[in-house]
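Below: target.cif (mmCIF, C-alpha atoms and all ligand atoms)
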data_model
#
loop_
_atom_site.label_atom_id
_atom_site.label_comp_id
_atom_site.auth_asym_id
_atom_site.auth_seq_id
_atom_site.Cartn_x
_atom_site.Cartn_y
_atom_site.Cartn_z
CA MET W 1 5.16 44.86 22.67
CA ALA W 2 6.83 42.10 20.63
CA ASP W 3 10.12 40.78 21.93
CA TYR W 4 12.19 41.08 18.72
CA TYR W 5 15.12 39.14 20.13
CA ASN W 6 13.01 36.09 21.03
CA THR W 7 11.02 36.27 17.78
CA GLY W 8 14.27 36.41 15.78
CA LEU W 9 15.68 33.51 17.79
CA GLY W 10 12.46 31.54 17.18
CA ILE W 11 12.70 32.11 13.40
CA PHE W 12 16.36 31.12 13.40
CA LYS W 13 15.73 27.90 15.36
CA ARG W 14 12.89 26.86 13.06
CA LEU W 15 15.00 27.56 9.97
CA ILE W 16 17.82 25.41 11.34
CA LYS W 17 15.36 22.61 12.20
CA ALA W 18 13.73 22.76 8.74
CA SER W 19 17.12 22.76 6.96
CA ALA W 20 18.33 19.79 9.02
CA LYS W 21 15.14 17.90 8.06
CA VAL W 22 15.58 18.67 4.35
CA VAL W 23 19.23 17.56 4.42
CA SER W 24 18.47 14.32 6.28
CA LEU W 25 15.59 13.52 3.89
CA ALA W 26 17.85 14.15 0.88
CA VAL W 27 20.59 11.92 2.32
CA PHE W 28 18.01 9.17 3.05
CA ALA W 29 16.55 9.37 -0.47
CA VAL W 30 19.94 9.35 -2.24
CA GLN W 31 21.43 6.44 -0.27
CA LEU W 32 18.19 4.45 -0.64
CA ARG W 33 18.11 4.94 -4.42
CA ALA W 34 21.81 4.08 -4.76
CA ARG W 35 21.38 0.85 -2.77
CA ASP W 36 18.22 0.02 -4.69
CA LEU W 37 19.94 0.42 -8.04
CA ILE W 38 22.63 -2.05 -6.93
CA TRP W 39 19.96 -4.51 -5.72
CA THR W 40 18.12 -4.17 -9.06
CA LEU W 41 21.30 -4.87 -11.07
CA ILE W 42 22.15 -7.90 -8.94
CA ASN W 43 18.58 -9.21 -9.46
CA LEU W 44 19.16 -9.05 -13.21
CA VAL W 45 22.01 -11.56 -13.03
CA ALA W 46 21.24 -13.59 -9.89
CA ARG W 47 19.12 -16.72 -10.09
CA ASN W 48 15.49 -16.33 -8.93
CA ARG W 49 14.40 -17.96 -5.68
CA PRO W 50 12.97 -21.44 -6.22
CA ALA W 51 9.19 -21.90 -6.39
CA GLY W 52 8.12 -23.21 -2.99
CA GLY W 53 11.05 -21.45 -1.30
CA VAL W 54 10.48 -17.76 -2.03
CA ILE W 55 10.18 -17.02 1.69
CA PRO W 56 13.39 -18.17 3.38
CA PRO W 57 13.35 -21.05 5.90
CA GLY W 58 12.62 -19.86 9.43
CA TYR W 59 10.36 -17.00 8.30
CA PRO W 60 6.54 -17.11 8.58
CA GLY W 61 5.02 -18.30 5.33
CA HIS W 62 8.02 -20.46 4.29
CA GLY W 63 6.72 -23.17 1.97
CA GLY W 64 3.24 -21.58 2.09
CA ASP W 65 2.89 -22.40 5.80
CA TRP W 66 1.37 -19.29 7.42
CA PRO W 67 0.74 -18.80 11.14
CA LYS W 68 -2.91 -19.18 12.18
CA TYR W 69 -5.36 -16.57 10.92
CA ILE W 70 -7.56 -15.03 13.62
CA ALA W 71 -10.15 -12.43 12.59
CA PRO W 72 -9.50 -9.13 14.39
CA ASN W 73 -11.74 -8.09 17.25
CA LEU W 74 -12.38 -4.51 16.18
CA GLU W 75 -13.35 -3.55 19.77
CA SER W 76 -9.80 -4.06 20.94
CA ASP W 77 -7.60 -4.54 17.84
CA THR W 78 -6.77 -1.79 15.39
CA ARG W 79 -6.62 -2.19 11.63
CA SER W 80 -5.74 0.06 8.69
CA PRO W 81 -6.80 0.76 5.10
CA CYS W 82 -3.79 -1.36 4.02
CA PRO W 83 -4.40 -5.03 3.24
CA GLY W 84 -0.61 -5.59 3.20
CA LEU W 85 -0.29 -4.77 6.91
CA ASN W 86 -3.71 -6.01 8.08
CA ASN W 87 -2.96 -9.50 6.71
CA LEU W 88 0.27 -9.62 8.69
CA ALA W 89 -1.54 -8.65 11.90
CA ASN W 90 -4.39 -11.12 11.24
CA HIS W 91 -1.80 -13.93 11.10
CA GLY W 92 0.13 -12.66 14.14
CA ILE W 93 3.24 -11.84 12.09
CA LEU W 94 2.74 -8.26 13.25
CA PRO W 95 1.15 -7.89 16.71
CA ARG W 96 -2.46 -9.05 16.46
CA ASN W 97 -3.76 -5.93 18.21
CA GLY W 98 -2.12 -3.78 15.49
CA LYS W 99 -0.61 -1.45 18.09
CA HIS W 100 2.81 0.09 18.71
CA LEU W 101 4.35 -1.01 15.42
CA THR W 102 7.91 0.19 14.95
CA TYR W 103 9.44 0.90 11.54
CA ARG W 104 12.05 -1.80 11.90
CA GLN W 105 9.32 -4.32 12.73
CA MET W 106 7.15 -3.31 9.75
CA ALA W 107 10.05 -3.17 7.29
CA HIS W 108 11.37 -6.58 8.40
CA THR W 109 7.99 -8.33 8.14
CA ILE W 110 6.89 -6.86 4.79
CA GLN W 111 10.30 -7.55 3.26
CA HIS W 112 10.15 -11.26 4.02
CA ALA W 113 6.40 -11.97 3.71
CA TYR W 114 6.12 -10.30 0.28
CA ASN W 115 9.69 -10.80 -1.01
CA LEU W 116 10.46 -7.08 -1.28
CA SER W 117 13.97 -5.69 -1.43
CA PRO W 118 15.05 -4.16 1.89
CA THR W 119 15.08 -0.81 0.08
CA LEU W 120 11.43 -1.00 -1.05
CA ALA W 121 10.42 -2.24 2.41
CA GLU W 122 12.19 0.78 3.94
CA ARG W 123 10.61 3.20 1.49
CA LEU W 124 7.06 1.92 2.06
CA THR W 125 7.58 1.99 5.79
CA ALA W 126 9.11 5.47 5.79
CA ALA W 127 5.84 6.85 4.38
CA ALA W 128 4.24 6.17 7.77
CA LYS W 129 6.71 8.51 9.50
CA GLN W 130 4.54 11.39 8.33
CA ILE W 131 1.86 10.38 10.83
CA ASP W 132 3.79 9.19 13.86
CA GLN W 133 4.15 12.63 15.52
CA GLY W 134 7.80 11.80 16.22
CA ARG W 135 6.95 8.81 18.48
CA GLY W 136 8.79 6.22 16.39
CA TRP W 137 5.79 3.87 16.18
CA ILE W 138 2.23 3.77 14.86
CA ASP W 139 -1.03 1.95 15.52
CA LEU W 140 -2.54 0.54 12.33
CA HIS W 141 -5.59 2.76 12.78
CA ASP W 142 -3.37 5.88 12.43
CA LEU W 143 -3.04 5.09 8.70
CA ASN W 144 -6.71 6.08 8.29
CA ALA W 145 -5.64 9.78 8.21
CA LEU W 146 -6.90 11.19 4.92
CA ASN W 147 -4.35 12.45 2.41
CA VAL W 148 -1.27 11.46 4.34
CA ILE W 149 -1.00 8.09 2.62
CA GLN W 150 -4.69 7.06 2.60
CA HIS W 151 -6.61 8.67 -0.25
CA ASP W 152 -9.95 8.65 -2.07
CA ALA W 153 -10.91 6.29 -4.92
CA SER W 154 -9.23 3.22 -3.38
CA PHE W 155 -9.72 -0.26 -4.77
CA THR W 156 -11.33 -1.85 -1.71
CA ARG W 157 -12.62 0.96 0.50
CA HIS W 158 -15.23 3.63 -0.14
CA ASP W 159 -14.01 7.20 0.31
CA ILE W 160 -13.66 8.41 3.87
CA ALA W 161 -16.56 10.85 3.28
CA PHE W 162 -18.84 7.79 3.01
CA CYS W 163 -16.91 5.38 5.22
CA PRO W 164 -15.05 7.08 8.10
CA ASP W 165 -13.60 3.77 9.33
CA GLN W 166 -11.26 2.45 6.67
CA SER W 167 -10.12 -0.60 8.63
CA SER W 168 -12.06 -3.29 6.76
CA PRO W 169 -12.49 -3.99 3.07
CA ASP W 170 -15.82 -3.60 1.32
CA ARG W 171 -16.53 -7.04 -0.17
CA ASP W 172 -18.61 -5.61 -3.03
CA LEU W 173 -15.75 -3.34 -4.07
CA VAL W 174 -13.29 -6.24 -3.90
CA GLU W 175 -15.55 -8.39 -6.11
CA ARG W 176 -16.03 -5.49 -8.51
CA LEU W 177 -12.26 -5.03 -8.84
CA LEU W 178 -11.72 -8.75 -9.46
CA ALA W 179 -14.50 -8.88 -12.03
CA HIS W 180 -12.36 -6.57 -14.15
CA ALA W 181 -9.77 -9.24 -14.96
CA SER W 182 -10.24 -9.28 -18.74
CA ASN W 183 -8.99 -12.86 -19.07
CA GLY W 184 -11.15 -13.99 -16.13
CA HIS W 185 -8.31 -15.14 -13.88
CA SER W 186 -5.72 -12.41 -13.40
CA LEU W 187 -5.74 -8.61 -13.35
CA SER W 188 -3.31 -7.16 -15.86
CA LEU W 189 -1.70 -3.72 -15.46
CA ALA W 190 -4.19 -2.48 -18.09
CA ASP W 191 -7.14 -3.86 -16.04
CA ILE W 192 -5.79 -2.16 -12.93
CA ALA W 193 -5.38 1.16 -14.78
CA TYR W 194 -8.90 0.88 -16.20
CA TYR W 195 -10.42 0.13 -12.79
CA SER W 196 -8.47 3.01 -11.16
CA GLY W 197 -9.84 5.34 -13.83
CA LEU W 198 -13.37 4.10 -13.11
CA ARG W 199 -12.97 4.55 -9.33
CA ARG W 200 -11.52 8.05 -9.75
CA ALA W 201 -14.29 9.13 -12.12
CA GLU W 202 -17.06 7.84 -9.86
CA SER W 203 -15.54 9.32 -6.70
CA LYS W 204 -15.25 12.67 -8.44
CA HIS W 205 -18.86 12.35 -9.49
CA SER W 206 -20.39 11.25 -6.18
CA ASN W 207 -18.09 12.64 -3.46
CA GLY W 208 -18.32 16.39 -2.88
CA GLU W 209 -15.22 16.12 -0.66
CA TYR W 210 -13.19 14.24 -3.30
CA SER W 211 -9.57 15.21 -2.81
CA LEU W 212 -7.51 13.11 -5.21
CA ALA W 213 -7.99 15.35 -8.26
CA HIS W 214 -5.11 17.71 -7.49
CA SER W 215 -2.65 15.41 -5.77
CA PHE W 216 -0.30 13.58 -8.11
CA ARG W 217 1.44 12.20 -5.01
CA HIS W 218 -1.68 10.38 -3.81
CA LYS W 219 -2.57 9.20 -7.30
CA TYR W 220 0.95 7.81 -7.45
CA PHE W 221 0.43 5.98 -4.12
CA GLY W 222 -2.76 4.46 -5.54
CA SER W 223 -1.01 3.26 -8.69
CA GLY W 224 1.86 1.99 -6.51
CA ASN W 225 -0.63 -0.26 -4.71
CA GLY W 226 -1.81 -1.53 -8.09
CA ALA W 227 1.81 -2.32 -8.97
CA LEU W 228 2.17 -4.32 -5.73
CA ILE W 229 -0.97 -6.35 -6.45
CA SER W 230 0.41 -7.10 -9.88
CA ALA W 231 3.94 -8.05 -8.80
CA VAL W 232 3.31 -9.89 -5.54
CA PHE W 233 0.11 -11.69 -6.63
CA GLY W 234 0.55 -11.72 -10.39
CA GLY W 235 -2.97 -10.16 -10.25
CA ASP W 236 -4.34 -13.63 -9.46
CA VAL W 237 -8.08 -13.30 -8.85
CA LYS W 238 -8.45 -16.40 -6.64
CA ASP W 239 -5.63 -15.38 -4.30
CA LEU W 240 -6.66 -11.72 -4.25
CA ARG W 241 -10.24 -12.66 -3.32
CA VAL W 242 -8.88 -14.12 -0.06
CA TRP W 243 -6.09 -11.61 0.56
CA LEU W 244 -8.11 -8.48 -0.22
CA GLY W 245 -11.59 -9.69 0.74
CA GLU W 246 -10.82 -11.62 3.94
CA GLU W 247 -7.42 -10.08 4.66
CA ARG W 248 -5.87 -13.48 5.17
CA PHE W 249 -3.11 -15.36 3.31
CA PRO W 250 -4.50 -18.10 1.06
CA ALA W 251 -3.38 -21.54 2.27
CA GLY W 252 -0.10 -22.53 0.63
CA TRP W 253 0.40 -19.08 -0.92
CA GLU W 254 3.80 -17.51 -1.51
CA PRO W 255 4.78 -14.33 -3.39
CA LYS W 256 4.72 -14.65 -7.17
CA ASN W 257 7.75 -12.34 -7.48
CA ARG W 258 10.82 -14.51 -7.02
CA GLU W 259 13.74 -12.06 -7.44
CA ALA W 260 16.84 -13.13 -5.50
CA LEU W 261 17.00 -9.85 -3.57
CA GLY W 262 13.29 -9.03 -3.69
CA TYR W 263 11.12 -6.67 -5.73
CA THR W 264 12.87 -3.31 -5.82
CA ILE W 265 11.93 0.39 -5.86
CA VAL W 266 13.08 0.67 -9.50
CA GLN W 267 10.79 -2.20 -10.54
CA SER W 268 7.87 -0.87 -8.54
CA GLN W 269 8.32 2.64 -9.94
CA ALA W 270 8.37 1.39 -13.52
CA SER W 271 5.02 -0.42 -13.06
CA THR W 272 3.54 2.42 -11.02
CA LEU W 273 4.28 4.96 -13.77
CA LEU W 274 2.96 2.57 -16.40
CA ILE W 275 -0.32 2.28 -14.52
CA GLU W 276 -0.57 5.96 -13.60
CA PHE W 277 0.00 7.26 -17.12
CA SER W 278 -2.45 4.72 -18.58
CA ILE W 279 -5.28 5.97 -16.38
CA ASP W 280 -7.92 7.95 -18.20
CA GLU W 281 -10.80 9.15 -16.05
CA GLU W 282 -12.78 10.00 -19.18
CA GLN W 283 -12.27 6.60 -20.77
CA GLN W 284 -15.08 4.80 -22.53
CA LEU W 285 -16.52 2.39 -19.97
CA ARG W 286 -16.52 -1.34 -20.62
CA ARG W 287 -19.89 -2.90 -21.35
CA GLY W 288 -21.90 -3.34 -18.14
CA ASP W 289 -19.90 -0.70 -16.22
CA GLU W 290 -21.37 2.53 -14.90
CA LEU W 291 -20.20 5.25 -12.54
CA SER W 292 -21.58 4.20 -9.19
CA SER W 293 -21.85 5.49 -5.62
CA PRO W 294 -21.65 3.56 -2.33
CA ALA W 295 -25.44 3.65 -1.90
CA LYS W 296 -26.04 2.43 -5.45
CA LEU W 297 -23.45 -0.35 -5.18
CA HIS W 298 -25.14 -1.79 -2.11
CA GLU W 299 -28.71 -1.58 -3.41
C1 LIG Z 301 4.81 -0.21 6.16
C2 LIG Z 301 4.46 -0.29 4.89
C3 LIG Z 301 3.11 0.13 4.38
C4 LIG Z 301 2.35 1.21 4.70
C5 LIG Z 301 2.68 2.32 5.70
C6 LIG Z 301 1.13 1.14 3.92
C7 LIG Z 301 0.09 2.04 3.98
C8 LIG Z 301 -1.05 1.97 3.21
C9 LIG Z 301 -2.16 2.90 3.26
C10 LIG Z 301 -2.26 4.09 4.19
C11 LIG Z 301 -3.05 2.52 2.35
C12 LIG Z 301 -4.38 3.19 1.98
C13 LIG Z 301 -4.31 3.82 0.61
C14 LIG Z 301 -5.69 4.07 0.04
O1 LIG Z 301 -6.37 4.97 0.53
O2 LIG Z 301 -6.10 3.36 -0.86
C15 LIG Z 301 -2.56 1.34 1.70
C16 LIG Z 301 -3.22 0.65 0.72
C17 LIG Z 301 -2.76 -0.47 0.14
N1 LIG Z 301 -1.63 -1.17 0.49
FE1 LIG Z 301 -0.28 -0.65 1.88
N2 LIG Z 301 1.19 0.02 3.13
C18 LIG Z 301 2.38 -0.63 3.38
C19 LIG Z 301 2.81 -1.81 2.83
C20 LIG Z 301 2.13 -2.54 1.89
C21 LIG Z 301 2.57 -3.79 1.31
C22 LIG Z 301 3.89 -4.48 1.66
C23 LIG Z 301 1.61 -4.18 0.41
C24 LIG Z 301 1.53 -5.39 -0.48
C25 LIG Z 301 2.40 -6.28 -0.63
C26 LIG Z 301 0.56 -3.18 0.44
C27 LIG Z 301 -0.55 -3.20 -0.35
C28 LIG Z 301 -1.53 -2.25 -0.36
C29 LIG Z 301 -2.65 -2.24 -1.29
C30 LIG Z 301 -2.92 -3.25 -2.39
C31 LIG Z 301 -3.41 -1.13 -0.98
C32 LIG Z 301 -4.66 -0.64 -1.72
C33 LIG Z 301 -5.95 -0.90 -0.98
C34 LIG Z 301 -7.10 -0.21 -1.68
O3 LIG Z 301 -6.89 0.57 -2.62
O4 LIG Z 301 -8.24 -0.47 -1.27
N3 LIG Z 301 0.91 -2.21 1.34
N4 LIG Z 301 -1.34 1.01 2.26
#
Translate the structure described by the file into C-alpha cells.
Amino acid sequence: MADYYNTGLGIFKRLIKASAKVVSLAVFAVQLRARDLIWTLINLVARNRPAGGVIPPGYPGHGGDWPKYIAPNLESDTRSPCPGLNNLANHGILPRNGKHLTYRQMAHTIQHAYNLSPTLAERLTAAAKQIDQGRGWIDLHDLNALNVIQHDASFTRHDIAFCPDQSSPDRDLVERLLAHASNGHSLSLADIAYYSGLRRAESKHSNGEYSLAHSFRHKYFGSGNGALISAVFGGDVKDLRVWLGEERFPAGWEPKNREALGYTIVQSQASTLLIEFSIDEEQQLRRGDELSSPAKLHE
C-alpha cells in the first residue's frame, strides 16, 4: 500500500527544489543581461584595444605569442566538439588532458584568449552546467552529449549518427566551409547562413536520426557559433583553416574583435539572429554545390 505521507512529502520536496532552481536561473539571467547591457554601452564610447595588444600583457597569446601547441594524444587526453575549447587545451592554456575543467577556469580563459566580455564568457560556460551532473566540472569529452549543446548539422563534424566521436574536426568539412567564402578570403554572415542551410538540408536528407529540425534552441546554438567565427576571426579563411582544421592558434594571431570590454552577449545575439533568420534550408544551391552525405564527401 502506498505511503501517502511520504509520497506527499516527496512531491513537496521536488516542487521546492524545482522552484528554487527556476528562481536562481531567473536571477542569474537578469543580472547577466543587466551587466552585459552596461558593458555594451561602455564599449560604444570606450576606445578599442590597440592592434597587437588585444590580449592584455601577462595573458597567453599577448602580442600573438601563444604557448606551444602539442597535438592531443587521444588515448589519454579528452577533446570536445568545440574548437574554441580544444584549441585552448592544445596550447596548454586549459589543461592539456582536457579533464576536470571548472567553470571559473573556462570562463577566465575564453574571456581573455578571444576577447569576450566577462558576461558572454559566463553565458557560454554556463551552458555546460547542463551536463556536469552537479559536480562543478566537466571533461571536454562530456560535451559530445547529443542535444545538450552539441547538435547535428555542425560546420566541422559529421552528425553523431555517422561519427560517434566528435572530438576531432573533419578536414573535408572544414575545407568545404571555407570554400564558401564568396570573396575568396573571408566568410561573411551571408556565407555562414548559406552554409548552415546547406548542412541542415543535407543532414535532414541523409541522417534518419536527424534531430535539429524541431529544436530552435540548438539551431540558435549553431548560429551562435557562426557569429563567433565571424566576430573573433572576421571569417578569415587562412586563420580559420588552422584554427578549425588543426585546432591550433595561427602564429601571431590575435582576436579581430577589439572592443575595450570584449565582445558582448548583445552583440553576439544580434549576429546570431541575423544568421539564424537568414537560413533557408530550401534555398537554391550555389553552382557546384549538392546535398552530400559523409560517405559521398569522402569518396
Ligand atoms: C565554455 C564555453 C564553451 C562551451 C561549453 C562550448 C561548447 C560547444 C559545443 C558543445 C559545441 C558543439 C556544437 C555542435 O554540435 O556543432 C561547440 C561548437 C563550437 N564552438 Fe564552442 N563552446 C564554448 C566556447 C566557445 C568559444 C569561446 C568559441 C570561439 C571563440 C567557440 C566556438 C565554437 C564553434 C565555432 C563551434 C562550431 C563547430 C562546428 O560547428 O563544427 N566555442 N561549442
Legend entry - Given 6 Å and only C-alpha atoms and all ligand atoms, residues near ligand LIG 301 (chain Z) as a list in words: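 With only C-alpha atoms and all ligand atoms and a cut-off of 6 Å, ligand LIG 301 (chain Z) is contacted by Pro81, Cys82, Pro83, Gly84, Leu85, Met106, Ile110, Tyr114, Leu124, Thr125, Ala127, Ala128, Leu143, Ile149, Gln150, His151, Asp152, Ser154, Phe155, Thr156, Arg157, Gly222, Asn225, Leu228 and Ile229 of chain W.
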Inset, instruction - Would you kindly return, as a PyMOL selection string, each protein, DNA or RNA residue with an atom no farther than 10 Å from any atom of segment 188-202 of chain W, considering only C-alpha atoms and excluding same-chain residues fewer than 5 positions away? - result: chain W and resi 152-155+158+173+176-183+207+210+212-213+219+222-223+225-227+229-231+234-236+271-272+274-286+289-294
Inset, instruction - Just the residues within 8 Å of segment 52-62 of chain W, please, counting all atoms listed in the file, with nothing from its chain fewer than 3 positions along; format it as number ranges by chain. - result: W: 49, 65-67, 93, 112-115, 253-255, 258
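Between atom CA of Ser117 of chain W and atom CA of Leu146 of chain W the separation is 27.6 Å.
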Legend entry - Straight-line distance linking atom CA of Pro72 of chain W with atom CA of Asn90 of chain W, stated in Å to one decimal: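 Separation between atom CA of Pro72 of chain W and atom CA of Asn90 of chain W: 6.3 Å.
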Inset, instruction - List the neighbours of Lys238 of chain W out to 12 Å using all atoms listed in the file; skip same-chain residues closer than 2 positions along the sequence, and give me the result as a ChimeraX atom specification. - result: /W:174-175,178-179,181,184-187,233-236,240-246,249-251,253
Inset, instruction - Could you please determine the separation between atom CA of Pro164 of chain W and atom CA of Asp139 of chain W in Å, to one decimal place? - result: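 Separation of atom CA of Pro164 of chain W and atom CA of Asp139 of chain W: 16.7 Å.
Using all atoms listed in the file, the shortest contact distance between Ala121 of chain W and any of W:Arg135, W:Ile160, W:Gly288, W:Gln105 is found at W:Gln105.
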Inset, instruction - Kindly indicate which residue among W:Asp170, W:Gly10, W:Asp239, W:Ala270 lies nearest to Lys256 of chain W, using all atoms listed in the file for the distances. - result: W:Asp239
Please build the interface table for segment 53-154 of chain W against segment 29-34 of chain W with a cut-off of 10 Å, listing for each qualifying residue the nearest atom pair and the distance in Å to one decimal; count all atoms listed in the file, order rows by chain and increasing number, and write it as CSV.
residue,atom,partner,partner_atom,distance
W:Pro118,CA,W:Leu32,CA,9.5
W:Thr119,CA,W:Leu32,CA,6.2
W:Leu120,CA,W:Leu32,CA,8.7
W:Glu122,CA,W:Leu32,CA,8.4
W:Arg123,CA,W:Leu32,CA,8.0
Six-sided padding of 3 Å per side, axis-aligned box over segment 102-108 of chain W, centre and edges in Å, one decimal, as AutoDock Vina command-line options:
--center_x 9.6 --center_y -2.8 --center_z 11.1 --size_x 10.9 --size_y 13.5 --size_z 13.7
Legend entry - Closest of W:Val237, W:Ile16, W:Leu273, W:Leu261 to Tyr220 of chain W - atom-to-atom distances counting only C-alpha atoms: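 Comparing W:Val237, W:Ile16, W:Leu273, W:Leu261 against Tyr220 of chain W, the winner is W:Leu273.
Distances to Leu37 of chain W were evaluated for W:Leu25, W:Ala107, W:Val266, W:Ala260 using all atoms listed in the file, and the minimum falls at W:Val266.
Distance check against Ile42 of chain W using all atoms listed in the file: of W:Asn144, W:Gln130, W:Gln269, W:Thr264, the minimum falls on W:Thr264.
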Output as a PDB file, in the frame of the given file: segment 265-280 of chain W, completed with N, CA and C atoms.
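This is the output file result19.pdb:
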ATOM      1  N   ILE W 265      12.578  -0.913  -5.608  1.00  0.00           N
ATOM      2  CA  ILE W 265      11.930   0.390  -5.860  1.00  0.00           C
ATOM      3  C   ILE W 265      11.909   0.659  -7.358  1.00  0.00           C
ATOM      4  N   VAL W 266      13.020   0.400  -8.053  1.00  0.00           N
ATOM      5  CA  VAL W 266      13.080   0.670  -9.500  1.00  0.00           C
ATOM      6  C   VAL W 266      11.979  -0.104 -10.214  1.00  0.00           C
ATOM      7  N   GLN W 267      11.839  -1.388  -9.885  1.00  0.00           N
ATOM      8  CA  GLN W 267      10.790  -2.200 -10.540  1.00  0.00           C
ATOM      9  C   GLN W 267       9.412  -1.658 -10.214  1.00  0.00           C
ATOM     10  N   SER W 268       9.207  -1.319  -8.938  1.00  0.00           N
ATOM     11  CA  SER W 268       7.870  -0.870  -8.540  1.00  0.00           C
ATOM     12  C   SER W 268       7.565   0.479  -9.184  1.00  0.00           C
ATOM     13  N   GLN W 269       8.590   1.331  -9.315  1.00  0.00           N
ATOM     14  CA  GLN W 269       8.320   2.640  -9.940  1.00  0.00           C
ATOM     15  C   GLN W 269       7.980   2.499 -11.419  1.00  0.00           C
ATOM     16  N   ALA W 270       8.649   1.563 -12.093  1.00  0.00           N
ATOM     17  CA  ALA W 270       8.370   1.390 -13.520  1.00  0.00           C
ATOM     18  C   ALA W 270       6.905   0.985 -13.711  1.00  0.00           C
ATOM     19  N   SER W 271       6.419   0.010 -12.906  1.00  0.00           N
ATOM     20  CA  SER W 271       5.020  -0.420 -13.060  1.00  0.00           C
ATOM     21  C   SER W 271       4.053   0.657 -12.603  1.00  0.00           C
ATOM     22  N   THR W 272       4.431   1.364 -11.539  1.00  0.00           N
ATOM     23  CA  THR W 272       3.540   2.420 -11.020  1.00  0.00           C
ATOM     24  C   THR W 272       3.323   3.490 -12.097  1.00  0.00           C
ATOM     25  N   LEU W 273       4.415   3.905 -12.745  1.00  0.00           N
ATOM     26  CA  LEU W 273       4.280   4.960 -13.770  1.00  0.00           C
ATOM     27  C   LEU W 273       3.489   4.437 -14.964  1.00  0.00           C
ATOM     28  N   LEU W 274       3.726   3.169 -15.296  1.00  0.00           N
ATOM     29  CA  LEU W 274       2.960   2.570 -16.400  1.00  0.00           C
ATOM     30  C   LEU W 274       1.457   2.615 -16.112  1.00  0.00           C
ATOM     31  N   ILE W 275       1.100   2.250 -14.894  1.00  0.00           N
ATOM     32  CA  ILE W 275      -0.320   2.280 -14.520  1.00  0.00           C
ATOM     33  C   ILE W 275      -0.818   3.726 -14.521  1.00  0.00           C
ATOM     34  N   GLU W 276      -0.080   4.587 -13.796  1.00  0.00           N
ATOM     35  CA  GLU W 276      -0.570   5.960 -13.600  1.00  0.00           C
ATOM     36  C   GLU W 276      -0.793   6.670 -14.933  1.00  0.00           C
ATOM     37  N   PHE W 277       0.151   6.528 -15.867  1.00  0.00           N
ATOM     38  CA  PHE W 277       0.000   7.260 -17.120  1.00  0.00           C
ATOM     39  C   PHE W 277      -0.933   6.555 -18.108  1.00  0.00           C
ATOM     40  N   SER W 278      -1.431   5.367 -17.735  1.00  0.00           N
ATOM     41  CA  SER W 278      -2.450   4.720 -18.580  1.00  0.00           C
ATOM     42  C   SER W 278      -3.852   5.042 -18.085  1.00  0.00           C
ATOM     43  N   ILE W 279      -3.941   5.705 -16.937  1.00  0.00           N
ATOM     44  CA  ILE W 279      -5.280   5.970 -16.380  1.00  0.00           C
ATOM     45  C   ILE W 279      -5.933   7.136 -17.096  1.00  0.00           C
ATOM     46  N   ASP W 280      -7.175   6.901 -17.522  1.00  0.00           N
ATOM     47  CA  ASP W 280      -7.920   7.950 -18.200  1.00  0.00           C
ATOM     48  C   ASP W 280      -9.303   8.009 -17.530  1.00  0.00           C
TER      49      ASP W 280
END
